[in-house]
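> Shown below is the structure under consideration.
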Amino acid sequence: MAESTPAASAPPPADAAAPKAPPRNPALRMLGLPGLPRKLPSRNWMIFWTVSGAITAAIIYDKREKKRATARWRHAVEHLAKEPIPDGLTQPRKITIYLSSPPGDGLRVAQDHYTEYVKPILAASGLDWEFVQGRREGDIRAFVAERVRRRRQTLDNGGEPPETDKEPTKEEIIEVFRKSRGIKEYDGIRGDVVIGRHTWKEYLRGLHEGWLGSLTPPPEPEPKPEPPKTDAPEAATDGKLAGEDKAAEEKKAEEKKEEEQKKPKRPPQPRPHNSPADYPTASLPAVIPSAFDPSAPIREPHLLGFLNTPTRLYRFFNRRKLADEIGREVAAVCLCTYREYRQLDATAAAGPDDASPTTDASSPSPQYEQQTELVWEEKDWVKDLWKESADGPTDEIPERVRAPPVVMDPRIAARMRRFHLTPEDEAKARAIVVPEEEIEGWIKGKFRQLYRWGVRKAFEKKKLTPLDDKDVE
């Protein structure tokens, strides 16, 4: 009997019609762009874009406000560049800028700091300035002391440069040329701009050495006797191989010496003519002025180390405050408003915020304002600086100036003055409104130019005048 075939199963019921894709935006479709998503990104993408956007906005905002602060102080002093020089044979005002490599880093860092915060305001004022740069510790100290000694000798000779057997420097040659042409020196307040606490310490030490030290250099110390040479036993058993190795080493040593001789050597730093312990017994020269040219210590925050990343990030996002503070100090230099340095009392000198690694229980508390200027920067210095100071001076650096505390002589401290902006000048500078176009970035500037070009093409029509017959030939 034939098996019965099973009945064919009924087809499944037809499901509801599949949802159609939403219609695309016709404008995007014509441009060949995909449709916009209809849902928010995932949680991870939201976190990423939020953090990235916040960091980008903070950087852009700080950069714009930093430009605004620099531009405000630049506009506050730009009227000085338009003032005419009273006499064509009189030199203009010239200031001196002292900067040196910060502890643990190179000179390029200090140069970039000057270019970013100080130079724009000086350039807008039209003043002339000269650079004094120190690559090693003690270079600024030696330069300031030598300049003061040269000035003392000139004043002792009745205004004429002293006669020496040394070859004249570039500055002395220029001075002789100007006197021969009848060009007069600037008779007024010049001023010094000192960048960083480390440079400020060397500047103060150089002033004391130049005015309180002797004009003659100190005697050279006796050279240390060399230790006797001992012949070490040869470790090689084979005399021939040992001789070849020794000859090869001697040849390499000779080549190394020749390479070192070809390299230009830096001139050694002059040894100091006195020490801080000699200040009380030193006598003032008769030609010392009653007041020195004013000075302005400028901040230079410089912090190294991976563990200091949070502090470095905070300073990076607040550079606008640094630009505003430095701009105010430089504007005071350009406007030539100054005051005397103050003498501190015991309560003000012992503040917890001004403590530095150089102060301890045995060191006396600071008595003058010069000793506490920028003292907080010492907390950011590398630890190697204090270790090198403990090792003492070397042949290249005859005196350690940065690590020891600042010692001030009352006679020198009373003659120093500080650039200080008056409240009236500061109020005028704060009232300056900086145009938005001056501080905007490249992208926004290009959009602004594109908008103006479109408005000009669409709404501004040039009036065309018909040509006369005489214009057509």
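Naming scheme: A, B, ... for chains in displayed order of the structure tokens; residues 1 onward per chain; ligands 1 onward as shown.
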Mind checking which residues fall within 9 Å of stretch 94-108 of chain A, counting only C-alpha atoms, ignoring those fewer than 5 positions away in the same chain, and posting them as an mmCIF file with all heavy atoms, in the first residue's frame?


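Dumped to part.cif:
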data_model
loop_
_atom_site.group_PDB
_atom_site.id
_atom_site.type_symbol
_atom_site.label_atom_id
_atom_site.label_comp_id
_atom_site.auth_asym_id
_atom_site.auth_seq_id
_atom_site.Cartn_x
_atom_site.Cartn_y
_atom_site.Cartn_z
ATOM 1 N N HIS A 113 60.540 83.468 26.363
ATOM 2 C CA HIS A 113 59.718 84.186 27.352
ATOM 3 C C HIS A 113 59.771 85.692 27.100
ATOM 4 O O HIS A 113 58.735 86.372 27.153
ATOM 5 C CB HIS A 113 60.235 83.855 28.752
ATOM 6 C CG HIS A 113 59.447 84.515 29.847
ATOM 7 N ND1 HIS A 113 58.241 84.031 30.293
ATOM 8 C CD2 HIS A 113 59.705 85.634 30.580
ATOM 9 C CE1 HIS A 113 57.781 84.820 31.261
ATOM 10 N NE2 HIS A 113 58.650 85.793 31.456
ATOM 11 N N TYR A 114 60.939 86.206 26.798
ATOM 12 C CA TYR A 114 61.074 87.636 26.495
ATOM 13 C C TYR A 114 60.331 87.990 25.208
ATOM 14 O O TYR A 114 59.617 89.014 25.143
ATOM 15 C CB TYR A 114 62.557 87.982 26.377
ATOM 16 C CG TYR A 114 62.815 89.214 25.557
ATOM 17 C CD1 TYR A 114 62.640 90.489 26.094
ATOM 18 C CD2 TYR A 114 63.219 89.110 24.225
ATOM 19 C CE1 TYR A 114 62.867 91.615 25.334
ATOM 20 C CE2 TYR A 114 63.449 90.237 23.457
ATOM 21 C CZ TYR A 114 63.269 91.490 24.017
ATOM 22 O OH TYR A 114 63.477 92.595 23.258
ATOM 23 N N LEU A 127 61.223 102.543 22.140
ATOM 24 C CA LEU A 127 62.465 102.699 22.891
ATOM 25 C C LEU A 127 63.569 101.842 22.308
ATOM 26 O O LEU A 127 63.320 100.839 21.631
ATOM 27 C CB LEU A 127 62.244 102.320 24.365
ATOM 28 C CG LEU A 127 61.283 103.193 25.176
ATOM 29 C CD1 LEU A 127 61.182 102.661 26.588
ATOM 30 C CD2 LEU A 127 61.743 104.637 25.184
ATOM 31 N N ASP A 128 64.783 102.236 22.599
ATOM 32 C CA ASP A 128 65.958 101.464 22.207
ATOM 33 C C ASP A 128 66.415 100.651 23.412
ATOM 34 O O ASP A 128 66.321 101.118 24.548
ATOM 35 C CB ASP A 128 67.067 102.392 21.730
ATOM 36 C CG ASP A 128 68.197 101.610 21.070
ATOM 37 O OD1 ASP A 128 68.015 100.400 20.808
ATOM 38 O OD2 ASP A 128 69.271 102.205 20.838
ATOM 39 N N TRP A 129 66.912 99.461 23.153
ATOM 40 C CA TRP A 129 67.371 98.618 24.256
ATOM 41 C C TRP A 129 68.543 97.773 23.799
ATOM 42 O O TRP A 129 68.786 97.589 22.601
ATOM 43 C CB TRP A 129 66.236 97.741 24.796
ATOM 44 C CG TRP A 129 65.733 96.693 23.848
ATOM 45 C CD1 TRP A 129 66.236 95.438 23.650
ATOM 46 C CD2 TRP A 129 64.629 96.808 22.952
ATOM 47 N NE1 TRP A 129 65.509 94.757 22.703
ATOM 48 C CE2 TRP A 129 64.511 95.576 22.265
ATOM 49 C CE3 TRP A 129 63.714 97.819 22.660
ATOM 50 C CZ2 TRP A 129 63.520 95.349 21.315
ATOM 51 C CZ3 TRP A 129 62.728 97.589 21.713
ATOM 52 C CH2 TRP A 129 62.641 96.371 21.054
ATOM 53 N N GLU A 130 69.268 97.259 24.765
ATOM 54 C CA GLU A 130 70.379 96.367 24.506
ATOM 55 C C GLU A 130 70.231 95.117 25.364
ATOM 56 O O GLU A 130 69.649 95.157 26.444
ATOM 57 C CB GLU A 130 71.710 97.056 24.809
ATOM 58 C CG GLU A 130 71.903 97.463 26.258
ATOM 59 C CD GLU A 130 73.286 98.006 26.523
ATOM 60 O OE1 GLU A 130 74.196 97.674 25.747
ATOM 61 O OE2 GLU A 130 73.461 98.748 27.509
ATOM 62 N N PHE A 131 70.787 94.024 24.852
ATOM 63 C CA PHE A 131 70.678 92.731 25.507
ATOM 64 C C PHE A 131 71.950 92.420 26.269
ATOM 65 O O PHE A 131 73.064 92.687 25.800
ATOM 66 C CB PHE A 131 70.466 91.624 24.469
ATOM 67 C CG PHE A 131 69.027 91.258 24.287
ATOM 68 C CD1 PHE A 131 68.437 91.324 23.049
ATOM 69 C CD2 PHE A 131 68.266 90.839 25.357
ATOM 70 C CE1 PHE A 131 67.123 90.976 22.872
ATOM 71 C CE2 PHE A 131 66.942 90.491 25.194
ATOM 72 C CZ PHE A 131 66.375 90.555 23.940
ATOM 73 N N VAL A 132 71.767 91.807 27.431
ATOM 74 C CA VAL A 132 72.862 91.194 28.179
ATOM 75 C C VAL A 132 72.391 89.787 28.528
ATOM 76 O O VAL A 132 71.479 89.618 29.340
ATOM 77 C CB VAL A 132 73.233 91.984 29.447
ATOM 78 C CG1 VAL A 132 74.348 91.274 30.201
ATOM 79 C CG2 VAL A 132 73.638 93.405 29.100
ATOM 80 N N GLN A 133 72.992 88.783 27.908
ATOM 81 C CA GLN A 133 72.553 87.410 28.064
ATOM 82 C C GLN A 133 73.639 86.590 28.763
ATOM 83 O O GLN A 133 74.826 86.718 28.433
ATOM 84 C CB GLN A 133 72.230 86.785 26.703
ATOM 85 C CG GLN A 133 71.219 87.573 25.900
ATOM 86 C CD GLN A 133 70.858 86.895 24.597
ATOM 87 O OE1 GLN A 133 70.199 85.875 24.581
ATOM 88 N NE2 GLN A 133 71.309 87.471 23.500
ATOM 89 N N GLY A 134 73.210 85.773 29.692
ATOM 90 C CA GLY A 134 74.127 84.905 30.419
ATOM 91 C C GLY A 134 73.777 83.444 30.200
ATOM 92 O O GLY A 134 72.644 83.033 30.457
ATOM 93 N N ARG A 135 74.733 82.683 29.738
ATOM 94 C CA ARG A 135 74.510 81.255 29.507
ATOM 95 C C ARG A 135 74.865 80.415 30.728
ATOM 96 O O ARG A 135 74.379 79.296 30.857
ATOM 97 C CB ARG A 135 75.320 80.778 28.299
ATOM 98 C CG ARG A 135 74.920 81.458 26.998
ATOM 99 C CD ARG A 135 75.691 80.907 25.821
ATOM 100 N NE ARG A 135 75.290 81.539 24.576
ATOM 101 C CZ ARG A 135 74.256 81.146 23.828
ATOM 102 N NH1 ARG A 135 73.533 80.110 24.221
ATOM 103 N NH2 ARG A 135 73.958 81.778 22.713
ATOM 104 N N ARG A 136 75.725 80.936 31.578
ATOM 105 C CA ARG A 136 76.126 80.201 32.777
ATOM 106 C C ARG A 136 75.843 81.041 34.009
ATOM 107 O O ARG A 136 75.650 82.259 33.921
ATOM 108 C CB ARG A 136 77.621 79.852 32.726
ATOM 109 C CG ARG A 136 78.030 78.935 31.587
ATOM 110 C CD ARG A 136 79.537 78.782 31.567
ATOM 111 N NE ARG A 136 80.208 80.062 31.338
ATOM 112 C CZ ARG A 136 81.520 80.222 31.323
ATOM 113 N NH1 ARG A 136 82.308 79.178 31.548
ATOM 114 N NH2 ARG A 136 82.057 81.403 31.098
ATOM 115 N N GLU A 137 75.814 80.384 35.126
ATOM 116 C CA GLU A 137 75.636 81.096 36.380
ATOM 117 C C GLU A 137 76.848 81.993 36.644
ATOM 118 O O GLU A 137 77.995 81.551 36.595
ATOM 119 C CB GLU A 137 75.469 80.107 37.534
ATOM 120 C CG GLU A 137 75.302 80.768 38.891
ATOM 121 C CD GLU A 137 75.175 79.757 40.013
ATOM 122 O OE1 GLU A 137 75.193 78.538 39.709
ATOM 123 O OE2 GLU A 137 75.054 80.164 41.186
ATOM 124 N N ASP A 139 77.469 84.871 34.786
ATOM 125 C CA ASP A 139 77.772 85.753 33.660
ATOM 126 C C ASP A 139 77.188 87.149 33.865
ATOM 127 O O ASP A 139 77.842 88.159 33.575
ATOM 128 C CB ASP A 139 77.240 85.142 32.368
ATOM 129 C CG ASP A 139 78.052 83.938 31.911
ATOM 130 O OD1 ASP A 139 79.142 83.716 32.486
ATOM 131 O OD2 ASP A 139 77.605 83.210 31.002
ATOM 132 N N ILE A 140 75.951 87.220 34.347
ATOM 133 C CA ILE A 140 75.327 88.525 34.579
ATOM 134 C C ILE A 140 76.048 89.253 35.712
ATOM 135 O O ILE A 140 76.274 90.469 35.657
ATOM 136 C CB ILE A 140 73.838 88.352 34.900
ATOM 137 C CG1 ILE A 140 73.121 87.654 33.729
ATOM 138 C CG2 ILE A 140 73.186 89.682 35.209
ATOM 139 C CD1 ILE A 140 73.149 88.423 32.454
ATOM 140 N N TYR A 186 72.393 110.373 26.205
ATOM 141 C CA TYR A 186 71.054 110.667 26.720
ATOM 142 C C TYR A 186 71.158 111.090 28.179
ATOM 143 O O TYR A 186 71.711 110.373 29.009
ATOM 144 C CB TYR A 186 70.159 109.431 26.582
ATOM 145 C CG TYR A 186 68.774 109.610 27.171
ATOM 146 C CD1 TYR A 186 67.816 110.349 26.503
ATOM 147 C CD2 TYR A 186 68.454 109.037 28.406
ATOM 148 C CE1 TYR A 186 66.549 110.519 27.041
ATOM 149 C CE2 TYR A 186 67.188 109.202 28.944
ATOM 150 C CZ TYR A 186 66.248 109.941 28.257
ATOM 151 O OH TYR A 186 64.990 110.106 28.797
ATOM 152 N N ILE A 189 66.692 109.333 32.711
ATOM 153 C CA ILE A 189 66.539 108.031 33.334
ATOM 154 C C ILE A 189 66.565 106.951 32.253
ATOM 155 O O ILE A 189 65.819 107.023 31.276
ATOM 156 C CB ILE A 189 65.223 107.962 34.129
ATOM 157 C CG1 ILE A 189 65.193 109.059 35.195
ATOM 158 C CG2 ILE A 189 65.055 106.594 34.772
ATOM 159 C CD1 ILE A 189 66.288 108.949 36.223
ATOM 160 N N ARG A 190 67.439 105.970 32.442
ATOM 161 C CA ARG A 190 67.510 104.849 31.499
ATOM 162 C C ARG A 190 66.698 103.679 32.042
ATOM 163 O O ARG A 190 65.528 103.524 31.709
ATOM 164 C CB ARG A 190 68.959 104.441 31.255
ATOM 165 C CG ARG A 190 69.795 105.539 30.569
ATOM 166 C CD ARG A 190 71.237 105.132 30.439
ATOM 167 N NE ARG A 190 72.024 106.155 29.758
ATOM 168 C CZ ARG A 190 72.261 106.160 28.456
ATOM 169 N NH1 ARG A 190 71.763 105.196 27.703
ATOM 170 N NH2 ARG A 190 72.988 107.110 27.903
ATOM 171 N N GLY A 191 67.294 102.836 32.847
ATOM 172 C CA GLY A 191 66.550 101.746 33.461
ATOM 173 C C GLY A 191 67.049 100.388 33.042
ATOM 174 O O GLY A 191 67.636 100.214 31.961
ATOM 175 N N ASP A 192 66.817 99.405 33.913
ATOM 176 C CA ASP A 192 67.215 98.015 33.681
ATOM 177 C C ASP A 192 65.989 97.119 33.857
ATOM 178 O O ASP A 192 65.209 97.295 34.794
ATOM 179 C CB ASP A 192 68.304 97.579 34.666
ATOM 180 C CG ASP A 192 69.564 98.427 34.540
ATOM 181 O OD1 ASP A 192 69.830 98.889 33.417
ATOM 182 O OD2 ASP A 192 70.257 98.638 35.551
ATOM 183 N N VAL A 193 65.857 96.155 32.959
ATOM 184 C CA VAL A 193 64.807 95.141 33.027
ATOM 185 C C VAL A 193 65.490 93.806 33.290
ATOM 186 O O VAL A 193 66.300 93.347 32.475
ATOM 187 C CB VAL A 193 63.987 95.089 31.729
ATOM 188 C CG1 VAL A 193 62.953 93.973 31.786
ATOM 189 C CG2 VAL A 193 63.298 96.425 31.480
ATOM 190 N N VAL A 194 65.186 93.188 34.420
ATOM 191 C CA VAL A 194 65.827 91.947 34.844
ATOM 192 C C VAL A 194 64.757 90.853 34.841
ATOM 193 O O VAL A 194 63.746 90.961 35.539
ATOM 194 C CB VAL A 194 66.452 92.088 36.247
ATOM 195 C CG1 VAL A 194 67.246 90.848 36.592
ATOM 196 C CG2 VAL A 194 67.327 93.327 36.324
ATOM 197 N N ILE A 195 64.986 89.807 34.069
ATOM 198 C CA ILE A 195 63.986 88.758 33.867
ATOM 199 C C ILE A 195 64.365 87.543 34.699
ATOM 200 O O ILE A 195 65.409 86.922 34.465
ATOM 201 C CB ILE A 195 63.880 88.388 32.375
ATOM 202 C CG1 ILE A 195 63.478 89.621 31.558
ATOM 203 C CG2 ILE A 195 62.869 87.271 32.159
ATOM 204 C CD1 ILE A 195 63.408 89.375 30.067
ATOM 205 N N GLY A 196 63.537 87.217 35.673
ATOM 206 C CA GLY A 196 63.733 86.014 36.476
ATOM 207 C C GLY A 196 64.440 86.291 37.787
ATOM 208 O O GLY A 196 65.277 87.196 37.908
ATOM 209 N N ARG A 197 64.102 85.469 38.793
ATOM 210 C CA ARG A 197 64.736 85.590 40.113
ATOM 211 C C ARG A 197 66.213 85.248 40.040
ATOM 212 O O ARG A 197 67.034 85.876 40.722
ATOM 213 C CB ARG A 197 64.019 84.642 41.087
ATOM 214 C CG ARG A 197 64.688 84.435 42.439
ATOM 215 C CD ARG A 197 64.548 85.617 43.347
ATOM 216 N NE ARG A 197 65.105 85.342 44.680
ATOM 217 C CZ ARG A 197 65.094 86.202 45.677
ATOM 218 N NH1 ARG A 197 64.538 87.397 45.530
ATOM 219 N NH2 ARG A 197 65.622 85.888 46.853
ATOM 220 N N HIS A 198 66.596 84.264 39.240
ATOM 221 C CA HIS A 198 68.004 83.871 39.161
ATOM 222 C C HIS A 198 68.846 85.001 38.567
ATOM 223 O O HIS A 198 69.968 85.238 39.018
ATOM 224 C CB HIS A 198 68.141 82.596 38.319
ATOM 225 C CG HIS A 198 67.532 82.716 36.951
ATOM 226 N ND1 HIS A 198 66.174 82.720 36.732
ATOM 227 C CD2 HIS A 198 68.095 82.831 35.729
ATOM 228 C CE1 HIS A 198 65.929 82.831 35.435
ATOM 229 N NE2 HIS A 198 67.074 82.914 34.808
ATOM 230 N N THR A 199 68.302 85.704 37.574
ATOM 231 C CA THR A 199 69.023 86.853 37.017
ATOM 232 C C THR A 199 69.025 88.022 37.990
ATOM 233 O O THR A 199 70.000 88.781 38.059
ATOM 234 C CB THR A 199 68.375 87.272 35.691
ATOM 235 O OG1 THR A 199 68.166 86.126 34.871
ATOM 236 C CG2 THR A 199 69.251 88.254 34.943
ATOM 237 N N TRP A 200 67.951 88.187 38.752
ATOM 238 C CA TRP A 200 67.866 89.277 39.722
ATOM 239 C C TRP A 200 68.924 89.123 40.812
ATOM 240 O O TRP A 200 69.528 90.108 41.250
ATOM 241 C CB TRP A 200 66.469 89.304 40.317
ATOM 242 C CG TRP A 200 66.226 90.325 41.372
ATOM 243 C CD1 TRP A 200 66.002 90.109 42.692
ATOM 244 C CD2 TRP A 200 66.186 91.747 41.202
ATOM 245 N NE1 TRP A 200 65.815 91.275 43.366
ATOM 246 C CE2 TRP A 200 65.927 92.315 42.478
ATOM 247 C CE3 TRP A 200 66.349 92.602 40.121
ATOM 248 C CZ2 TRP A 200 65.814 93.685 42.675
ATOM 249 C CZ3 TRP A 200 66.242 93.969 40.318
ATOM 250 C CH2 TRP A 200 65.981 94.491 41.571
ATOM 251 N N TYR A 203 72.200 90.166 39.356
ATOM 252 C CA TYR A 203 72.212 91.613 39.147
ATOM 253 C C TYR A 203 72.537 92.354 40.442
ATOM 254 O O TYR A 203 73.366 93.281 40.455
ATOM 255 C CB TYR A 203 70.848 92.036 38.590
ATOM 256 C CG TYR A 203 70.653 93.515 38.434
ATOM 257 C CD1 TYR A 203 71.182 94.190 37.345
ATOM 258 C CD2 TYR A 203 69.933 94.243 39.376
ATOM 259 C CE1 TYR A 203 71.001 95.561 37.200
ATOM 260 C CE2 TYR A 203 69.743 95.608 39.241
ATOM 261 C CZ TYR A 203 70.281 96.264 38.151
ATOM 262 O OH TYR A 203 70.098 97.614 38.012
ATOM 263 N N GLU A 300 59.421 85.142 35.654
ATOM 264 C CA GLU A 300 59.723 84.085 34.679
ATOM 265 C C GLU A 300 59.453 82.727 35.343
ATOM 266 O O GLU A 300 60.384 82.044 35.779
ATOM 267 C CB GLU A 300 61.172 84.166 34.186
ATOM 268 C CG GLU A 300 61.453 83.174 33.059
ATOM 269 C CD GLU A 300 62.907 83.175 32.642
ATOM 270 O OE1 GLU A 300 63.695 83.938 33.236
ATOM 271 O OE2 GLU A 300 63.253 82.408 31.733
ATOM 272 N N HIS A 302 59.223 79.000 35.761
ATOM 273 C CA HIS A 302 59.848 77.912 35.012
ATOM 274 C C HIS A 302 59.896 76.686 35.921
ATOM 275 O O HIS A 302 60.667 76.637 36.879
ATOM 276 C CB HIS A 302 61.262 78.314 34.569
ATOM 277 C CG HIS A 302 61.934 77.284 33.711
ATOM 278 N ND1 HIS A 302 61.529 76.996 32.424
ATOM 279 C CD2 HIS A 302 62.981 76.464 33.964
ATOM 280 C CE1 HIS A 302 62.306 76.050 31.929
ATOM 281 N NE2 HIS A 302 63.181 75.705 32.846
ATOM 282 N N LEU A 304 59.985 72.388 36.054
ATOM 283 C CA LEU A 304 60.291 71.159 35.340
ATOM 284 C C LEU A 304 59.865 69.966 36.188
ATOM 285 O O LEU A 304 59.651 70.078 37.396
ATOM 286 C CB LEU A 304 61.791 71.070 35.029
ATOM 287 C CG LEU A 304 62.390 72.185 34.165
ATOM 288 C CD1 LEU A 304 63.889 72.004 34.040
ATOM 289 C CD2 LEU A 304 61.743 72.211 32.785
ATOM 290 N N VAL A 333 58.126 100.667 32.858
ATOM 291 C CA VAL A 333 59.474 100.967 32.365
ATOM 292 C C VAL A 333 59.403 101.947 31.198
ATOM 293 O O VAL A 333 60.188 102.910 31.120
ATOM 294 C CB VAL A 333 60.186 99.666 31.948
ATOM 295 C CG1 VAL A 333 61.548 99.972 31.345
ATOM 296 C CG2 VAL A 333 60.329 98.730 33.137
ATOM 297 N N TRP A 381 62.856 75.793 41.298
ATOM 298 C CA TRP A 381 64.172 75.468 40.763
ATOM 299 C C TRP A 381 64.498 73.995 40.985
ATOM 300 O O TRP A 381 64.018 73.367 41.946
ATOM 301 C CB TRP A 381 65.241 76.334 41.431
ATOM 302 C CG TRP A 381 65.156 77.780 41.031
ATOM 303 C CD1 TRP A 381 64.337 78.315 40.086
ATOM 304 C CD2 TRP A 381 65.907 78.867 41.573
ATOM 305 N NE1 TRP A 381 64.521 79.673 40.007
ATOM 306 C CE2 TRP A 381 65.484 80.036 40.899
ATOM 307 C CE3 TRP A 381 66.888 78.972 42.540
ATOM 308 C CZ2 TRP A 381 66.027 81.285 41.182
ATOM 309 C CZ3 TRP A 381 67.419 80.224 42.820
ATOM 310 C CH2 TRP A 381 67.000 81.362 42.146
ATOM 311 N N VAL A 382 65.331 73.466 40.104
ATOM 312 C CA VAL A 382 65.710 72.051 40.180
ATOM 313 C C VAL A 382 66.601 71.820 41.405
ATOM 314 O O VAL A 382 67.291 72.737 41.893
ATOM 315 C CB VAL A 382 66.441 71.632 38.892
ATOM 316 C CG1 VAL A 382 65.500 71.685 37.703
ATOM 317 C CG2 VAL A 382 67.648 72.527 38.638
ATOM 318 N N LYS A 383 66.589 70.596 41.881
ATOM 319 C CA LYS A 383 67.361 70.274 43.090
ATOM 320 C C LYS A 383 68.860 70.260 42.830
ATOM 321 O O LYS A 383 69.653 70.416 43.765
ATOM 322 C CB LYS A 383 66.919 68.917 43.623
ATOM 323 C CG LYS A 383 65.466 68.877 44.078
ATOM 324 C CD LYS A 383 65.093 67.506 44.598
ATOM 325 C CE LYS A 383 63.625 67.470 45.043
ATOM 326 N NZ LYS A 383 63.240 66.121 45.536
ATOM 327 N N ASP A 384 69.250 70.058 41.564
ATOM 328 C CA ASP A 384 70.686 70.031 41.271
ATOM 329 C C ASP A 384 71.356 71.360 41.586
ATOM 330 O O ASP A 384 72.565 71.400 41.859
ATOM 331 C CB ASP A 384 70.904 69.675 39.795
ATOM 332 C CG ASP A 384 70.477 68.255 39.488
ATOM 333 O OD1 ASP A 384 70.346 67.464 40.438
ATOM 334 O OD2 ASP A 384 70.267 67.934 38.293
ATOM 335 N N LEU A 385 70.593 72.447 41.537
ATOM 336 C CA LEU A 385 71.182 73.755 41.822
ATOM 337 C C LEU A 385 71.690 73.816 43.254
ATOM 338 O O LEU A 385 72.783 74.326 43.521
ATOM 339 C CB LEU A 385 70.140 74.847 41.577
ATOM 340 C CG LEU A 385 70.597 76.271 41.882
ATOM 341 C CD1 LEU A 385 71.643 76.722 40.882
ATOM 342 C CD2 LEU A 385 69.416 77.224 41.876
ATOM 343 N N ARG A 402 73.282 82.000 42.825
ATOM 344 C CA ARG A 402 71.841 81.762 42.784
ATOM 345 C C ARG A 402 71.316 81.082 44.034
ATOM 346 O O ARG A 402 70.208 81.393 44.489
ATOM 347 C CB ARG A 402 71.495 80.912 41.551
ATOM 348 C CG ARG A 402 71.833 81.614 40.246
ATOM 349 C CD ARG A 402 71.491 80.762 39.051
ATOM 350 N NE ARG A 402 71.769 81.447 37.790
ATOM 351 C CZ ARG A 402 71.573 80.920 36.589
ATOM 352 N NH1 ARG A 402 71.103 79.684 36.487
ATOM 353 N NH2 ARG A 402 71.841 81.609 35.500
#

> Smallest atom-to-atom distance to A:Glu440: which of A:Lys67, A:Leu212, A:Trp453, A:Asn318, using only C-alpha atoms?

A:Lys67

> Restricting the calculation to only C-alpha atoms, which member of A:Met416, A:Ile60, A:Ala145, A:Ile432 is positioned closest to A:Gln343?

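Using only C-alpha atoms, the shortest distance to A:Gln343 belongs to A:Met416.
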
> Hey, can you check how far atom CA of A:Glu378 sits from atom CA of A:Gly392?

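One can read the atom CA of A:Glu378 to atom CA of A:Gly392 distance as 19.0 Å.
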
> Write out as a PyMOL selection string the set of residues from stretch 52-204 of chain A that DSSP, computed on the backbone, places in helix (DSSP H, G or I).

chain A and resi 52-82+107-125+139-156+170-180+197-204

> Taking the backbone alone, and naming residues the way the document does, which bits of stretch 169-211 of chain A are strand (DSSP E) by DSSP, as a CSV table (one decimal) with N, CA, C and O atoms, in the first residue's frame?


chain,number,residue,atom,x,y,z
A,192,ASP,N,66.8,99.4,33.9
A,192,ASP,CA,67.2,98.0,33.7
A,192,ASP,C,66.0,97.1,33.9
A,192,ASP,O,65.2,97.3,34.8
A,193,VAL,N,65.9,96.2,33.0
A,193,VAL,CA,64.8,95.1,33.0
A,193,VAL,C,65.5,93.8,33.3
A,193,VAL,O,66.3,93.3,32.5
A,194,VAL,N,65.2,93.2,34.4
A,194,VAL,CA,65.8,91.9,34.8
A,194,VAL,C,64.8,90.9,34.8
A,194,VAL,O,63.7,91.0,35.5
A,195,ILE,N,65.0,89.8,34.1
A,195,ILE,CA,64.0,88.8,33.9
A,195,ILE,C,64.4,87.5,34.7
A,195,ILE,O,65.4,86.9,34.5

> How many Å separate atom CA of A:Phe316 from atom CA of A:Ile59?

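According to the coordinates, atom CA of A:Phe316 and atom CA of A:Ile59 are separated by 8.5 Å.
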
> For a test of reading the model, state the distance in Å between atom CA of A:Leu335 and atom CA of A:Ala291, rounded to one decimal.

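Atom CA of A:Leu335 sits 18.7 Å away from atom CA of A:Ala291.
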
> Could you list, as number ranges by chain, every residue within 9 Å of A:Arg271, counting only C-alpha atoms and ignoring same-chain residues fewer than 5 positions away?

A: 142, 217-218, 220, 397-399

> Using only C-alpha atoms, which residues sit within 12 Å of stretch 166-169 of chain A once same-chain residues fewer than 5 positions away are excluded, as a list of chain:residue names?

A:Arg147, A:Arg150, A:Pro161, A:Ile174, A:Glu175, A:Val176

> So that I can check the surroundings of A:Ala69, please list as a PyMOL selection string every protein, DNA and RNA residue that reaches within 8 Å of it, counting only C-alpha atoms and ignoring chain neighbours fewer than 6 positions away.

chain A and resi 320+323-324+327

> Quick one: residues within 7 Å of A:Glu78, only C-alpha atoms counted, chain neighbours fewer than 4 positions away excluded, as a list in words?

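Contacts, with the query itself left out: Arg74, Ala124 and Ser125 of chain A.
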
> For the selection just defined, write its residues with all heavy atoms to a file, as an mmCIF file, in the first residue's frame.


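What follows is the written file out_30.cif:
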data_model
loop_
_atom_site.group_PDB
_atom_site.id
_atom_site.type_symbol
_atom_site.label_atom_id
_atom_site.label_comp_id
_atom_site.auth_asym_id
_atom_site.auth_seq_id
_atom_site.Cartn_x
_atom_site.Cartn_y
_atom_site.Cartn_z
ATOM 1 N N ARG A 74 50.222 97.401 25.011
ATOM 2 C CA ARG A 74 50.928 97.930 23.842
ATOM 3 C C ARG A 74 50.314 99.259 23.397
ATOM 4 O O ARG A 74 51.034 100.190 23.025
ATOM 5 C CB ARG A 74 50.862 96.899 22.711
ATOM 6 C CG ARG A 74 51.779 97.230 21.539
ATOM 7 C CD ARG A 74 51.862 96.096 20.558
ATOM 8 N NE ARG A 74 50.573 95.834 19.927
ATOM 9 C CZ ARG A 74 49.879 94.715 20.056
ATOM 10 N NH1 ARG A 74 50.345 93.755 20.830
ATOM 11 N NH2 ARG A 74 48.731 94.538 19.437
ATOM 12 N N ALA A 124 56.436 98.508 20.664
ATOM 13 C CA ALA A 124 55.396 99.508 20.424
ATOM 14 C C ALA A 124 55.766 100.869 20.994
ATOM 15 O O ALA A 124 55.322 101.900 20.481
ATOM 16 C CB ALA A 124 54.069 99.035 21.030
ATOM 17 N N SER A 125 56.574 100.898 22.049
ATOM 18 C CA SER A 125 56.950 102.173 22.669
ATOM 19 C C SER A 125 58.010 102.931 21.888
ATOM 20 O O SER A 125 58.195 104.130 22.109
ATOM 21 C CB SER A 125 57.456 101.926 24.091
ATOM 22 O OG SER A 125 58.666 101.187 24.069
#
